[in-house]
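One structure is given here, and the rest of the page talks about it.
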Amino acid sequence: MIGDSTHMPPVPVRRRPSREVRIGDLPLGSDNPIRVQSMTSTPTADVQASLAQCIRLFEAGAEYVRLSIPDKESLAALKKIRKKLHGAGFHQALIADIHFRPELALMAAPLVGKVRINPGNYYRAWKQGKTSWTADETRLELDGLRNTLAPLIATCKAHGTAIRIGTNTGSLSPRIVARYGHGPEAMAEATMEFLRVFEELAFFSTVISLKASDPILMIRAHQAMARQMQIEDMTYPMHLGVTEAGEGYEGRARSALGISALLKMGMGDTLRVSLTEPPEAEVAFARELLAQFEFTNTAGLPTAPEAQTTRHRSLNVDTADSPALKCNRMGLVIARPGPFPWGEGTYRIHPAGETEGGQKGGTAAGTVTETAADTAAGSAADKAAGERPSHPDVNVVMLDRQPGQAELKSVGALNGLVLVADMAAGFDPDDLPQLHAAIAKHNIAAEILVKLRVFSPEGDQRAGELAGRAAGKPEDTVTGQAADPSAGQAADRLLAFLASRFGDLLMGRIMGGFWLDTDGPHASKEAGRAAEWLLQVAGLKNVRTSYISCPTCARTAYDLPSVLRQLKEELPEVAGLKIAVMGCIVNGPGEMADAHFGLMGTGKHSLDIYQGGQLVHKNVDTRDAATELLALLRQNGWC
């Protein structure tokens with residue numbers, strides 16, 4: 001599916017200034033393109049399987065590939081994989097992913113372009129239950145951190161190896177958690193502690209990331225980090241990603257919301273989309289996301305706040321309900337050809353001197369007229385489809401531009417008011433925050449929907465027409481190729497299109513849903529699913545079970561994708577239920593902390609089951625995971 005870009009060309013972004021860091025022979029940051037990377041899901045010790053997957057990822061467009069190094073066997077395999085890649089003509093940089101054993105980072109550094117380390121693994125162990133630290137204890141811990149990092153930094157300097165400080169909300173040090181909790185400030189401070197030590201030791205080839213499975217937390221963590229780096233005069237490049245995003249529409253929606261919101265703010269120098277799927281799918285969707293933006297680099301520009309500002313930077317991404325949205329239809333998605341399906345009236349605000357149909361006349365500014373033809377067509381369509389209007393008191397006002405104060409007041413008293421910002425008719429998407437602010441200022445109870453056209457690249461009658469338009473008109477008339485043979489690619493493109501233009505507005509409660517005017521039943525179905533998942537992940541819709549799951553790596557012993565599929569097939573859909581499916585202990589307990597139930601792998605055919613963060617079943621056979629979890633759901637009244 002293709003989103004109509006007639007009025008929505010690629011999103012213009014002025015990138016945040018950052019220092020250049022070389023990863024192998026390929027630099028990132030500064031004025032370099034935003035780099036795409038992925039991670040192998042094979043056991044690294046399996047040289048042939050990991051080699052084959054690395055090659056597939058590079059051929060799919062990954063610029064860096066990361067491999068997990070959990071043990072010395074994997075380290076030995078890494079040497080062989082790198083040698084075989086070079087022999088096959090692939091000289092792109094590899095990245096070593098290290099958890100729990102800092103000494104492995106020291107050994108891997110000479111072999112790779114970058115080492116990823118987790119700050120939570122570098123602090124001394126304190127007795128369980130400790131909740132406060134004295135100044136002397138804090139100083140002792142930071143001195144120990146400096147001593148532990150010094151050999152790694154010396155090795156990385158000697159071999160030209162970069163380091164990523166990979167901070168995850170699920171694996172923060174106890175001291176950081178005791179002081180800051182698990183929020184964005186905790187993630188930012190955990191990262192800053194490492195950056196300060198690196199700079200003390202004169203090491204600057206550093207990339208940072210602050211990941212969480214919650215896109216809003218991930219966004220706020222990067223915002224907090226950017227503020228603190230500016231205060232301390234640092235400009236390190238950022239690696240973007242939503243960890244444990246999941247799979248399918250849900251995984252893509254979760255990743256797209258977090259990544260695209262930060263891209264719009266000018267942040268991000270490299271990114272990874274984490275999916276519980278073959279990693280080639282991560283690269284494909286990352287490319288779809290980046291294609292939605294038009295970047296202006298800021299290398300060499302001053303780092304003052306005004307030099308980094310775009311129209312999107314000040315947007316407050318929040319989960320609080322807006323006082324202006326009281327129609328109880330938050331999370332509304334309409335995906336169908338034709339007019340609004342419900343309601344007593346559909347209206348359009350006309351400029352002064354213009355009547356319905358654009359004819360000149362003597363109407364006053366802000367005249368509102370009912371479009372009876374639209375209303376009648378909607379009723380006929382409902383009857384033909386056997387539908388009953390769900391909201392008989394809805395009054396729809398179509399907007400092709402930002403309405404004035406008098407115009408808003410003229411419709412403000414309508415019951416069930418839905419303001420539809422019609423992109424195809426000329427409404428500027430950048431004006432949506434102003435529209436939201438205006439209805440809040442005047443205390444108007446209204447829902448804001450965005451209306452846009454969605455074209456199907458396959459099967460529907462209009463595809464051929466669009467192909468002709470794409471060939472005969474400028475590129476910004478139709479986004480991408482009009483006829484795409486891959487339904488999956490088309491769905492990815494539409495989801496990326498919607499997330500890049502409207503994801504931050506959904507999370508900020510600026511708008512409440514989509515009206516997608518489609519060209520046929522296939523487009524209606526797929527477009528509706530994409531939009532509903534964006535609303536579900538943004539917190540505006542709560543009608544499905546939410547699954548977060550890690551993308552798997554060499555540390556994952558069991559067949560996580562199969563267990564995830566089993567759960568989705570055998571468990572009922574329960575609104576509001578959140579289930580986490582984790583590969584191992586690295587981020588498992590931390591990332592599943594806010595899930596109602598969680599599964600964490602413990603062996604090739606075994607896993608532990610958690611409820612509310614507490615272990616309830618140990619070493620359950622993976623074949624029995626769905627049965628055991630279903631019993632817990634029933635015991636706790638979920639089904």
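In the structure tokens, chains take the letters A, B, ... in the order shown, each chain's residues start at 1, and ligands count up from 1 in the order shown.
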Q: Would you list, as an NGL selection string, the residues of region 225-310 of chain A that end up in alpha helix (DSSP H) under DSSP run on this structure's backbone?
A: :A and (225-231 or 248-264 or 280-290)
Now that the selection is made, can you save its residues with N, CA and C atoms as a JSON list (two decimals), in the first residue's frame?
```json
[["chain", "number", "residue", "atom", "x", "y", "z"],
["A", 225, "MET", "N", 19.01, 12.55, 27.40],
["A", 225, "MET", "CA", 20.42, 12.40, 27.08],
["A", 225, "MET", "C", 20.91, 13.57, 26.24],
["A", 226, "ALA", "N", 20.13, 13.99, 25.26],
["A", 226, "ALA", "CA", 20.53, 15.11, 24.42],
["A", 226, "ALA", "C", 20.68, 16.39, 25.24],
["A", 227, "ARG", "N", 19.76, 16.60, 26.17],
["A", 227, "ARG", "CA", 19.85, 17.79, 27.03],
["A", 227, "ARG", "C", 21.13, 17.76, 27.87],
["A", 228, "GLN", "N", 21.42, 16.60, 28.47],
["A", 228, "GLN", "CA", 22.59, 16.51, 29.35],
["A", 228, "GLN", "C", 23.89, 16.62, 28.56],
["A", 229, "MET", "N", 23.92, 16.02, 27.37],
["A", 229, "MET", "CA", 25.13, 16.15, 26.56],
["A", 229, "MET", "C", 25.37, 17.60, 26.16],
["A", 230, "GLN", "N", 24.29, 18.31, 25.87],
["A", 230, "GLN", "CA", 24.45, 19.72, 25.51],
["A", 230, "GLN", "C", 25.00, 20.51, 26.70],
["A", 231, "ILE", "N", 24.52, 20.21, 27.90],
["A", 231, "ILE", "CA", 25.01, 20.90, 29.09],
["A", 231, "ILE", "C", 26.51, 20.64, 29.27],
["A", 248, "GLY", "N", 5.84, -8.90, 13.35],
["A", 248, "GLY", "CA", 4.68, -8.53, 12.57],
["A", 248, "GLY", "C", 4.36, -7.04, 12.65],
["A", 249, "TYR", "N", 3.07, -6.74, 12.51],
["A", 249, "TYR", "CA", 2.63, -5.35, 12.57],
["A", 249, "TYR", "C", 3.00, -4.71, 13.90],
["A", 250, "GLU", "N", 2.82, -5.46, 14.99],
["A", 250, "GLU", "CA", 3.06, -4.89, 16.31],
["A", 250, "GLU", "C", 4.53, -4.50, 16.47],
["A", 251, "GLY", "N", 5.44, -5.40, 16.08],
["A", 251, "GLY", "CA", 6.86, -5.10, 16.21],
["A", 251, "GLY", "C", 7.27, -3.91, 15.36],
["A", 252, "ARG", "N", 6.75, -3.85, 14.15],
["A", 252, "ARG", "CA", 7.07, -2.72, 13.28],
["A", 252, "ARG", "C", 6.49, -1.42, 13.81],
["A", 253, "ALA", "N", 5.26, -1.48, 14.31],
["A", 253, "ALA", "CA", 4.64, -0.27, 14.84],
["A", 253, "ALA", "C", 5.41, 0.25, 16.05],
["A", 254, "ARG", "N", 5.82, -0.67, 16.94],
["A", 254, "ARG", "CA", 6.55, -0.25, 18.14],
["A", 254, "ARG", "C", 7.89, 0.39, 17.75],
["A", 255, "SER", "N", 8.61, -0.24, 16.83],
["A", 255, "SER", "CA", 9.88, 0.31, 16.38],
["A", 255, "SER", "C", 9.69, 1.63, 15.66],
["A", 256, "ALA", "N", 8.71, 1.68, 14.77],
["A", 256, "ALA", "CA", 8.52, 2.87, 13.94],
["A", 256, "ALA", "C", 8.13, 4.08, 14.79],
["A", 257, "LEU", "N", 7.30, 3.89, 15.81],
["A", 257, "LEU", "CA", 6.90, 5.02, 16.64],
["A", 257, "LEU", "C", 8.10, 5.62, 17.37],
["A", 258, "GLY", "N", 8.91, 4.77, 17.98],
["A", 258, "GLY", "CA", 10.05, 5.29, 18.72],
["A", 258, "GLY", "C", 11.11, 5.89, 17.82],
["A", 259, "ILE", "N", 11.49, 5.18, 16.77],
["A", 259, "ILE", "CA", 12.57, 5.64, 15.91],
["A", 259, "ILE", "C", 12.17, 6.87, 15.12],
["A", 260, "SER", "N", 10.98, 6.87, 14.52],
["A", 260, "SER", "CA", 10.60, 8.00, 13.67],
["A", 260, "SER", "C", 10.41, 9.27, 14.48],
["A", 261, "ALA", "N", 9.90, 9.16, 15.71],
["A", 261, "ALA", "CA", 9.74, 10.37, 16.53],
["A", 261, "ALA", "C", 11.09, 11.02, 16.79],
["A", 262, "LEU", "N", 12.11, 10.22, 17.08],
["A", 262, "LEU", "CA", 13.44, 10.77, 17.34],
["A", 262, "LEU", "C", 14.09, 11.29, 16.06],
["A", 263, "LEU", "N", 13.88, 10.60, 14.95],
["A", 263, "LEU", "CA", 14.40, 11.12, 13.68],
["A", 263, "LEU", "C", 13.81, 12.49, 13.38],
["A", 264, "LYS", "N", 12.53, 12.68, 13.65],
["A", 264, "LYS", "CA", 11.90, 13.98, 13.40],
["A", 264, "LYS", "C", 12.50, 15.07, 14.29],
["A", 280, "GLU", "N", 16.95, -10.16, 8.19],
["A", 280, "GLU", "CA", 16.85, -9.42, 6.93],
["A", 280, "GLU", "C", 15.61, -8.53, 6.92],
["A", 281, "ALA", "N", 14.54, -8.96, 7.61],
["A", 281, "ALA", "CA", 13.33, -8.14, 7.68],
["A", 281, "ALA", "C", 13.59, -6.84, 8.44],
["A", 282, "GLU", "N", 14.52, -6.87, 9.39],
["A", 282, "GLU", "CA", 14.87, -5.66, 10.12],
["A", 282, "GLU", "C", 15.48, -4.62, 9.19],
["A", 283, "VAL", "N", 16.36, -5.07, 8.31],
["A", 283, "VAL", "CA", 17.02, -4.16, 7.38],
["A", 283, "VAL", "C", 16.01, -3.55, 6.42],
["A", 284, "ALA", "N", 15.12, -4.39, 5.90],
["A", 284, "ALA", "CA", 14.13, -3.91, 4.94],
["A", 284, "ALA", "C", 13.24, -2.83, 5.56],
["A", 285, "PHE", "N", 12.78, -3.06, 6.79],
["A", 285, "PHE", "CA", 11.88, -2.07, 7.39],
["A", 285, "PHE", "C", 12.65, -0.82, 7.79],
["A", 286, "ALA", "N", 13.89, -0.97, 8.22],
["A", 286, "ALA", "CA", 14.70, 0.21, 8.54],
["A", 286, "ALA", "C", 14.86, 1.10, 7.30],
["A", 287, "ARG", "N", 15.06, 0.48, 6.16],
["A", 287, "ARG", "CA", 15.18, 1.25, 4.92],
["A", 287, "ARG", "C", 13.87, 1.96, 4.57],
["A", 288, "GLU", "N", 12.75, 1.28, 4.81],
["A", 288, "GLU", "CA", 11.45, 1.92, 4.56],
["A", 288, "GLU", "C", 11.27, 3.14, 5.45],
["A", 289, "LEU", "N", 11.68, 3.03, 6.71],
["A", 289, "LEU", "CA", 11.57, 4.17, 7.62],
["A", 289, "LEU", "C", 12.41, 5.35, 7.15],
["A", 290, "LEU", "N", 13.67, 5.09, 6.84],
["A", 290, "LEU", "CA", 14.55, 6.18, 6.43],
["A", 290, "LEU", "C", 14.08, 6.84, 5.15]]
```
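Excluding region 110-124 of chain A itself and any same-chain residue fewer than 5 positions from it, the protein and nucleic acid residues within 6 Å of it, counting only C-alpha atoms, are Ile23, Gly24, Ala93, Leu94, Ile95, Ala96, Asp97, Ile98, Phe100, His159, Thr161, Ala162, Ile163, Arg164, Ile165, Gly166, Thr167, Ser171, Leu172 and Ser173 of chain A.
Going from CA of Gly246 (chain A) to CA of Ile579 (chain A) covers 10.6 Å.
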Q | Contacts of Glu189 (chain A) within 10 Å, only C-alpha atoms, excl. fewer than 3 positions in-chain, as a VMD selection string | A | chain A and resid 167 176 180 184 to 186 192 to 195 221 224 to 225 228
Q) Given the choices A:Leu217, A:Leu201, A:Ile439, A:Val65, which gets closest to Met187 (chain A) if the distance is worked out from only C-alpha atoms? A) A:Leu217
Q: Step one, run DSSP on the backbone; step two, keep only residues of region 117-285 of chain A assigned to strand (DSSP E); then write them as an MDAnalysis selection string.
A: chainID A and resid 117 162:168 206:211 239:240 270:271
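Considering only C-alpha atoms, the residue among A:Leu106, A:Ala531, A:Val333, A:Leu145 positioned nearest to Ala491 (chain A) is A:Ala531.
Counting from CA of Lys83 (chain A), the distance to CA of Thr276 (chain A) is 28.2 Å.
When the distance limit is 6 Å and only C-alpha atoms are what count, the residues near region 555-559 of chain A, minus those fewer than 4 positions from it on the same chain, are Gly583, Cys584, Gly603, Lys604 and His605 of chain A.
Distance-wise, CA of Pro151 (chain A) and CA of Glu232 (chain A) end up 25.0 Å apart.
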Q. With only C-alpha atoms as the atoms that count, which of A:Ala45, A:Arg175, A:Leu633, A:Ser68 lies nearest to Ala135 (chain A)?
A. A:Arg175
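Restricting the calculation to only C-alpha atoms, the smallest distance between Ala626 (chain A) and any of A:Ser410, A:Ser606, A:Gln566, A:Thr518 is found for A:Gln566.
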